[in-house]
Every structure is written in C-alpha cells, then in structure tokens.
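This is data-v8.tsv. It holds TSV, C-alpha atoms.
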chain	number	residue	atom	x	y	z
X	1	MET	CA	48.37	25.99	-61.45
X	2	GLU	CA	50.63	23.41	-59.88
X	3	MET	CA	48.84	20.77	-57.80
X	4	PHE	CA	49.91	20.15	-54.22
X	5	ASP	CA	52.03	17.04	-53.84
X	6	PHE	CA	50.38	14.95	-51.13
X	7	THR	CA	53.15	12.38	-51.38
X	8	LEU	CA	55.15	14.68	-49.12
X	9	PHE	CA	53.09	13.40	-46.19
X	10	LEU	CA	54.56	9.93	-46.78
X	11	ASN	CA	57.86	11.11	-45.42
X	12	PRO	CA	58.74	9.02	-42.30
X	13	VAL	CA	59.38	12.12	-40.17
X	14	ILE	CA	56.05	13.68	-41.10
X	15	LEU	CA	54.27	10.37	-40.48
X	16	ALA	CA	55.98	10.11	-37.07
X	17	ILE	CA	54.83	13.62	-36.09
X	18	ILE	CA	51.26	12.89	-37.21
X	19	ALA	CA	51.30	9.56	-35.30
X	20	LEU	CA	52.55	11.33	-32.17
X	21	PHE	CA	49.83	13.95	-32.53
X	22	ALA	CA	47.10	11.32	-33.00
X	23	GLY	CA	48.34	9.26	-30.05
X	24	VAL	CA	48.41	12.24	-27.70
X	25	VAL	CA	44.93	13.33	-28.82
X	26	VAL	CA	43.53	9.83	-28.17
X	27	TYR	CA	45.22	9.73	-24.75
X	28	PHE	CA	43.93	13.19	-23.84
X	29	ILE	CA	40.36	12.43	-24.93
X	30	SER	CA	40.31	9.16	-22.94
X	31	LYS	CA	41.47	10.96	-19.80
X	32	VAL	CA	39.01	13.80	-20.28
X	33	LYS	CA	36.11	11.37	-20.74
X	34	TYR	CA	37.09	9.55	-17.53
X	35	ILE	CA	37.26	12.82	-15.57
X	36	ASN	CA	33.97	14.03	-17.03
X	37	SER	CA	32.06	10.82	-16.28
X	38	SER	CA	33.45	10.70	-12.72
X	39	LEU	CA	32.56	14.32	-11.95
X	40	VAL	CA	29.07	13.96	-13.42
X	41	TYR	CA	28.46	10.82	-11.36
X	42	LEU	CA	29.67	12.43	-8.12
X	43	THR	CA	27.58	15.55	-8.81
X	44	ASN	CA	24.46	13.44	-9.30
X	45	VAL	CA	25.22	11.66	-6.01
X	46	LEU	CA	25.41	14.99	-4.19
X	47	LYS	CA	22.12	16.11	-5.74
X	48	GLY	CA	20.42	13.19	-3.98
X	49	PHE	CA	21.25	14.69	-0.57
X	50	LYS	CA	19.81	17.78	1.11
X	51	LYS	CA	21.31	20.02	3.75
X	52	GLY	CA	18.42	19.25	6.08
X	53	ASN	CA	19.01	15.49	6.11
X	54	ILE	CA	22.74	15.21	5.43
X	55	VAL	CA	23.45	14.66	9.15
X	56	TYR	CA	21.27	11.53	9.11
X	57	ARG	CA	22.56	10.24	5.74
X	58	PHE	CA	26.20	11.20	6.12
X	59	LYS	CA	27.29	7.56	6.54
X	60	GLU	CA	25.72	6.75	3.19
X	61	LEU	CA	27.56	9.61	1.48
X	62	ASP	CA	30.79	8.68	3.25
X	63	ASP	CA	30.63	5.09	1.99
X	64	ILE	CA	30.09	6.20	-1.61
X	65	PHE	CA	32.90	8.75	-1.68
X	66	SER	CA	35.37	6.68	0.38
X	67	ASN	CA	35.02	3.73	-2.02
X	68	ASN	CA	35.38	5.87	-5.15
X	69	PRO	CA	39.06	5.85	-6.25
X	70	PHE	CA	38.62	9.11	-8.15
X	71	ILE	CA	37.95	11.17	-5.00
X	72	SER	CA	38.56	8.92	-1.97
X	73	ASN	CA	41.91	10.43	-0.89
X	74	TYR	CA	40.68	14.01	-0.99
X	75	TRP	CA	37.34	13.09	0.61
X	76	ILE	CA	39.06	11.53	3.62
X	77	GLU	CA	41.12	14.70	4.12
X	78	PHE	CA	38.02	16.87	3.71
X	79	LYS	CA	36.03	14.71	6.15
X	80	ASN	CA	38.55	15.46	8.89
X	81	THR	CA	37.64	19.16	8.69
X	82	LEU	CA	33.91	18.63	9.23
X	83	VAL	CA	32.17	19.79	12.40
X	84	PHE	CA	28.91	18.10	13.37
X	85	ASN	CA	26.74	20.78	14.96
X	86	GLU	CA	24.89	19.35	17.97
X	87	GLY	CA	22.85	22.55	18.25
X	88	ILE	CA	20.35	21.28	15.73
X	89	SER	CA	18.28	19.83	18.60
X	90	LEU	CA	17.63	23.26	20.06
X	91	LYS	CA	14.76	24.20	17.80
X	92	GLY	CA	13.84	27.83	17.57
X	93	THR	CA	17.14	29.03	18.99
X	94	ALA	CA	20.18	30.62	17.43
X	95	ALA	CA	21.89	27.23	17.44
X	96	ASP	CA	19.42	25.83	14.92
X	97	THR	CA	21.86	26.09	11.98
X	98	SER	CA	23.42	23.80	9.38
X	99	SER	CA	23.97	20.33	10.77
X	100	ILE	CA	27.47	19.83	9.29
X	101	GLN	CA	30.05	22.53	8.65
X	102	CYS	CA	33.61	22.48	7.33
X	103	THR	CA	36.39	24.47	8.96
X	104	VAL	CA	38.37	24.50	5.68
X	105	ASP	CA	36.76	25.56	2.41
X	106	ALA	CA	35.85	22.61	0.17
X	107	GLY	CA	37.68	24.27	-2.73
X	108	TYR	CA	40.96	23.56	-0.97
X	109	PHE	CA	40.44	19.82	-1.51
X	110	PHE	CA	38.25	19.75	-4.62
X	111	ASN	CA	39.78	21.96	-7.31
X	112	GLU	CA	41.34	21.80	-10.78
X	113	GLU	CA	44.68	20.63	-9.45
X	114	THR	CA	43.29	17.72	-7.40
X	115	LEU	CA	40.35	16.49	-9.48
X	116	VAL	CA	41.45	17.39	-13.01
X	117	ASN	CA	45.14	18.12	-13.49
X	118	SER	CA	46.39	15.30	-11.28
X	119	LYS	CA	44.18	12.80	-13.14
X	120	LEU	CA	45.11	14.24	-16.52
X	121	ASN	CA	48.91	14.33	-16.21
X	122	TYR	CA	48.51	17.98	-17.04
X	123	LYS	CA	52.23	18.81	-17.09
X	124	PHE	CA	52.72	16.40	-19.99
X	125	ILE	CA	49.60	17.61	-21.79
X	126	SER	CA	50.75	21.23	-21.43
X	127	ALA	CA	54.14	20.31	-22.89
X	128	VAL	CA	52.74	18.57	-25.97
X	129	PRO	CA	52.38	21.76	-28.11
X	130	THR	CA	55.97	22.70	-27.25
X	131	ILE	CA	57.17	19.19	-28.12
X	132	LEU	CA	55.36	19.19	-31.46
X	133	THR	CA	56.61	22.66	-32.32
X	134	GLY	CA	60.16	21.74	-31.31
X	135	LEU	CA	60.15	18.66	-33.53
X	136	GLY	CA	59.59	20.91	-36.56
X	137	PRO	CA	62.85	22.91	-36.49
X	138	LEU	CA	64.76	19.86	-35.20
X	139	PHE	CA	63.94	17.60	-38.12
X	140	THR	CA	63.87	20.49	-40.59
X	141	PHE	CA	67.45	21.46	-39.95
X	142	LEU	CA	68.44	17.82	-39.70
X	143	HIS	CA	66.89	17.14	-43.10
X	144	ILE	CA	68.56	20.20	-44.59
X	145	SER	CA	71.95	19.25	-43.18
X	146	ILE	CA	71.65	15.75	-44.63
X	147	ALA	CA	70.65	17.24	-48.00
X	148	PHE	CA	73.66	19.59	-48.04
X	149	SER	CA	75.96	16.73	-47.17
X	150	LYS	CA	74.89	15.01	-50.38
X	151	VAL	CA	75.63	17.96	-52.69
X	152	ASN	CA	78.18	17.10	-55.35
X	153	PHE	CA	79.72	19.78	-57.61
X	154	ALA	CA	82.23	17.48	-59.32
X	155	THR	CA	80.53	17.56	-62.71
X	156	GLN	CA	77.77	19.55	-64.33
X	157	GLU	CA	75.41	16.59	-64.30
X	158	ALA	CA	76.16	15.88	-60.62
X	159	THR	CA	75.67	19.53	-59.73
X	160	ILE	CA	72.27	19.64	-61.45
X	161	ALA	CA	71.21	16.41	-59.75
X	162	SER	CA	72.45	17.64	-56.37
X	163	VAL	CA	70.60	20.94	-56.70
X	164	SER	CA	67.41	19.13	-57.70
X	165	SER	CA	67.76	16.79	-54.70
X	166	LEU	CA	68.51	19.74	-52.42
X	167	LEU	CA	65.36	21.58	-53.53
X	168	ALA	CA	63.28	18.45	-52.99
X	169	SER	CA	64.79	18.05	-49.51
X	170	MET	CA	64.12	21.72	-48.74
X	171	LYS	CA	60.48	21.20	-49.71
X	172	ILE	CA	60.19	18.21	-47.38
X	173	ALA	CA	62.00	20.10	-44.59
X	174	ALA	CA	59.58	23.02	-44.91
X	175	MET	CA	56.64	20.61	-44.84
X	176	ILE	CA	57.98	19.04	-41.63
X	177	SER	CA	57.92	22.43	-39.92
X	178	VAL	CA	54.44	23.16	-41.27
X	179	VAL	CA	53.07	19.82	-40.03
X	180	ALA	CA	54.74	20.20	-36.63
X	181	VAL	CA	53.45	23.72	-36.03
X	182	GLY	CA	50.02	22.86	-37.49
X	183	THR	CA	49.52	19.83	-35.24
X	184	SER	CA	50.66	21.90	-32.27
X	185	ILE	CA	48.04	24.58	-32.96
X	186	ILE	CA	45.30	22.01	-33.58
X	187	PHE	CA	46.12	20.22	-30.33
X	188	MET	CA	46.00	23.47	-28.32
X	189	ILE	CA	42.54	24.21	-29.75
X	190	ILE	CA	41.27	20.70	-28.96
X	191	GLU	CA	42.80	20.81	-25.47
X	192	ARG	CA	41.28	24.17	-24.53
X	193	ILE	CA	37.79	23.30	-25.80
X	194	LEU	CA	37.62	19.84	-24.19
X	195	TYR	CA	39.23	21.02	-20.95
X	196	LYS	CA	36.65	23.76	-20.48
X	197	ASN	CA	33.56	21.83	-21.53
X	198	MET	CA	34.33	18.36	-20.15
X	199	CYS	CA	36.47	19.14	-17.11
X	200	LYS	CA	36.08	22.66	-15.78
X	201	THR	CA	32.31	22.93	-16.26
X	202	PRO	CA	31.42	19.66	-14.44
X	203	LEU	CA	33.98	20.50	-11.75
X	204	ASN	CA	32.24	23.80	-11.06
X	205	ALA	CA	28.89	21.98	-10.88
X	206	PHE	CA	30.37	19.48	-8.40
X	207	ARG	CA	31.81	22.22	-6.19
X	208	LEU	CA	28.48	24.07	-6.26
X	209	GLU	CA	26.62	21.00	-4.97
X	210	MET	CA	29.31	20.44	-2.34
X	211	ASN	CA	28.98	24.01	-1.08
X	212	LYS	CA	25.20	23.58	-0.87
X	213	LEU	CA	25.59	20.67	1.54
X	214	PHE	CA	28.46	21.90	3.69
X	215	ASP	CA	28.71	25.48	4.91
X	216	SER	CA	32.22	26.77	5.37
X	217	ILE	CA	32.98	28.09	8.84
X	218	THR	CA	36.17	29.87	9.92
X	219	SER	CA	37.99	29.04	13.14
X	220	GLU	CA	36.89	32.36	14.65
X	221	LYS	CA	33.25	31.78	13.77
X	222	PHE	CA	33.47	28.23	15.10
X	223	LEU	CA	34.73	29.52	18.47
X	224	VAL	CA	31.96	32.14	18.56
X	225	ASP	CA	29.33	29.47	17.88
X	226	LEU	CA	30.90	27.22	20.51
X	227	LEU	CA	30.76	30.07	23.05
X	228	ARG	CA	27.14	30.77	22.16
X	229	GLU	CA	26.27	27.10	22.53
X	230	SER	CA	27.99	27.01	25.93
X	231	LYS	CA	26.03	30.05	27.08
X	232	LEU	CA	22.77	28.43	26.02
X	233	GLN	CA	23.62	25.23	27.88
X	234	ASN	CA	24.69	27.18	30.99
X	235	SER	CA	21.43	29.12	30.91
X	236	ALA	CA	19.45	25.88	30.68
X	237	LEU	CA	21.41	24.39	33.59
X	238	ASN	CA	20.90	27.47	35.72
X	239	GLN	CA	17.17	27.36	35.12
X	240	ALA	CA	17.16	23.69	36.07
X	241	PHE	CA	19.07	24.36	39.30
X	242	ASN	CA	16.78	27.29	40.15
X	243	THR	CA	13.63	25.24	39.76
X	244	LEU	CA	15.05	22.12	41.46
X	245	PRO	CA	14.41	23.28	45.13
X	246	VAL	CA	10.86	24.29	44.29
X	247	GLN	CA	10.23	20.94	42.62
X	248	MET	CA	11.73	19.07	45.59
X	249	LYS	CA	9.55	21.05	48.05
X	250	GLU	CA	6.44	20.37	45.99
X	251	ALA	CA	7.29	16.67	45.80
X	252	PHE	CA	7.92	16.52	49.58
X	253	ASP	CA	4.66	18.33	50.37
X	254	LYS	CA	2.76	16.04	48.08
X	255	SER	CA	4.30	12.93	49.58
X	256	PHE	CA	3.71	14.23	53.14
X	257	LYS	CA	0.08	15.00	52.47
X	258	GLU	CA	-0.72	11.80	50.61
X	259	SER	CA	1.21	9.28	52.72
X	260	LEU	CA	2.48	10.51	56.06
X	261	VAL	CA	-0.47	12.68	57.20
X	262	PRO	CA	-3.12	9.90	56.88
X	263	TYR	CA	-0.79	7.51	58.71
X	264	LEU	CA	-0.28	9.98	61.59
X	265	ASP	CA	-4.01	10.66	61.76
X	266	ASN	CA	-4.72	6.94	62.15
X	267	LEU	CA	-2.00	6.65	64.76
X	268	ILE	CA	-3.37	9.57	66.80
X	269	PHE	CA	-6.89	8.15	66.52
X	270	SER	CA	-5.70	4.77	67.85
X	271	VAL	CA	-3.83	6.41	70.76
X	272	ASN	CA	-6.95	8.41	71.69
X	273	LYS	CA	-9.11	5.28	71.65
X	274	LEU	CA	-6.57	3.52	73.84
X	275	GLN	CA	-6.59	6.33	76.34
X	276	GLU	CA	-10.40	6.31	76.50
X	277	ASN	CA	-10.42	2.56	77.22
X	278	ILE	CA	-7.86	2.99	79.95
X	279	LYS	CA	-10.01	5.60	81.62
X	280	LYS	CA	-13.09	3.39	81.49
X	281	LYS	CA	-11.64	0.00	82.44
X	282	GLY	CA	-8.29	0.82	83.94
X	283	SER	CA	-5.02	-0.62	82.92
X	284	GLN	CA	-5.78	-4.06	84.45
X	285	GLY	CA	-9.02	-4.31	82.50
X	286	ILE	CA	-7.23	-3.50	79.27
X	287	LEU	CA	-4.65	-6.21	79.96
X	288	ASP	CA	-7.42	-8.73	80.78
X	289	ASP	CA	-9.13	-7.93	77.50
X	290	LEU	CA	-5.90	-8.36	75.62
X	291	PHE	CA	-4.50	-11.52	77.29
X	292	GLY	CA	-7.48	-13.01	79.06
X	293	SER	CA	-8.10	-13.40	82.86
X	294	ASN	CA	-6.46	-16.11	85.04
X	295	ASP	CA	-9.12	-15.98	87.84
X	296	GLU	CA	-11.03	-18.87	86.30
X	297	GLU	CA	-8.17	-21.18	87.19

Produce structure tokens that represent the structure in this file.
Amino acid sequence: MEMFDFTLFLNPVILAIIALFAGVVVYFISKVKYINSSLVYLTNVLKGFKKGNIVYRFKELDDIFSNNPFISNYWIEFKNTLVFNEGISLKGTAADTSSIQCTVDAGYFFNEETLVNSKLNYKFISAVPTILTGLGPLFTFLHISIAFSKVNFATQEATIASVSSLLASMKIAAMISVVAVGTSIIFMIIERILYKNMCKTPLNAFRLEMNKLFDSITSEKFLVDLLRESKLQNSALNQAFNTLPVQMKEAFDKSFKESLVPYLDNLIFSVNKLQENIKKKGSQGILDDLFGSNDEE
C-alpha cells in the first residue's frame, strides 16, 4: 500500500490557503469571544434590575448602557421610544401598570443584525467559504496550465520527463482543490457552531431580560391608556370641585362660630350694659364718669 505523501502540503499555494484559513478562524473566534463576553455582561446587568424598581434606578441603567461602546448607539435610539407611566402613583386603579413601556419593540434595536452581525463583519465571514472554495479551482487550473506549458515532446527522454512532471503537477493541483474545499467545509462547521452557542444564545438571553423590564406598547394601546388616565384625572377633579363648596361652607361656619359669634356676643353685652347705665345716671352722668366733673373748679 502506497503511503500518502505529506510533502504535498509544503506547496506554497497549499500553505497560503491553510494560512488564510487559520487567519480567518483566529479573527472569527476573537470577534465571537468579544460579542459573547459583551452580551453576557449586559445580560447580568439587566438581571440586577426589576420591573418594580426600574423607574427609580433607570438613571443607573442609562449610565451603564450609554457608556458601553458595544450597545450605546442602539440604547440611545431605544431610550427615545420609552414612555414613563405616571399612573403608577394611583395605587389600586387600572393605571397601576408597568412603570416604563416602549412604543417600539426592543427587538427592533437589539437583534442579530445590530448586536452580532455588525460587530462580526458578517458579510466577510459569510463569504469566506466561497473564497476558500474558489481558490481551489483557480490555483488548480493555474497549476495545470503551467504544467502543460512545460511539456516537451522533442525527444523520448524529454517526453518521459515531461509526463512525469505533468503527473506530479496534476497531483499537486488535485491536492490544492481538496485543501481549499476541505478548509471551506471545516470553517462553515466552526462558524455555525460558534455563532449559535456564543452569539445567538446569549443574544436571546439578553433580549429576554430586556423584555422582562420593558413592556412593549403599541401606539393604539398608548392612546387608550392615555385616555383612561385622562378620565381618571377628570373624575378626581370633578369630585374635588363637587366637595369644594361643602368644605368652604363648613370652614366658614366653623370660623363664624369660633371667632365672630363670641365677638358679637361681647359687643352686644357691652351695648346693653351701656344702655342700662344711661337709664340709671343719664347721659350727663355717664360723661362725668368717663371724663370727670368740672364743678369742683
């Protein structure tokens, strides 16, 4: 049984294809690790917040996400769609709902295209298998054409040597195609496995935590909630206006009874006493008592 000739891999073209494959794999793994670590970190940050207290800690979350270069641009756009529900203060009413809602679904801003593909240069990564596969036929036919150009049928010895060289070149050309297609298949397998486990899975976990904190609300539902809130506020104002006259009357009666009535009673009592003195002493006697008599002079 003839042993496989591993020296074929020392061909410069084959070495170049293997080097290209290794370089792309290293680049892809580095990008995937960066995306994975960023998504895991952001998911853990979201897990530290609850829907019940997000309205009070929103500034804290905003500072973290706004200063994170991985997500800051998309977070700022998403933040503009948030609606802070003031109805949370009306406990026990229909307005006691989630404190912060988004009018556009979070998936529109946080998805594979924004958080994975754009960070991964996915168009290039998707083209790598095609590039590797295309290099195979390119260099195969190039190698064969060069080998045929060297064929010499001038003499018997030259013909035998040319045929031997042509067969050797054909073997190398076939190996170039095998290496190119093989590296392409291997890269596709690596790309699919790492993309699913290190990118798509943590992205889904991040989006799940995001949806737990922020309820999505459509424009129609937002208008309905706004109308309901307005009706509740109008009802409260009407009740206040209806009870205001009664409260003012009660306050007036209380003030009249506690302040004005005793003062009038004292005033009437003083007038009565004055009238009694006038009857007894006369008006001149009252004046003498008040200012003193001048008869002594």

Residues of segment 123-227 of chain X that approach segment 59-71 of chain X to 12 Å or less, counting all atoms listed in the file: could you list each one with the shortest pair of atoms and its distance in Å to one decimal, rows by chain and increasing residue number, as a Markdown table?
| residue | atom | partner | partner_atom | distance |
| --- | --- | --- | --- | --- |
| X:Phe206 | CA | X:Ile71 | CA | 11.8 |
| X:Met210 | CA | X:Leu61 | CA | 11.6 |
| X:Leu213 | CA | X:Leu61 | CA | 11.2 |

Expected axis-aligned box over every listed atom of segment 166-174 of chain X, 3 Å added per side, centre plus edges in Å to one decimal, as lines of an AutoDock Vina configuration file:
center_x = 64.0
center_y = 20.5
center_z = -49.1
size_x = 14.9
size_y = 11.0
size_z = 14.9

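With all atoms listed in the file as the atoms that count, the residue of X:Ile100, X:Leu10, X:Cys199, X:Met188 with the shortest distance to Ile172 of chain X is X:Leu10.
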
- [ ] Using all atoms listed in the file, determine which residues lie at most 8 Å from Arg207 of chain X, disregarding the query and same-chain residues fewer than 5 positions distant; provide the list as JSON, numbers by chain.
- [x] {"X": [106, 107, 110]}

Task: Contacts of Phe78 of chain X within 9 Å, only C-alpha atoms, excl. fewer than 5 positions in-chain, as a ChimeraX atom specification - done: /X:73,102,104-106,108-110
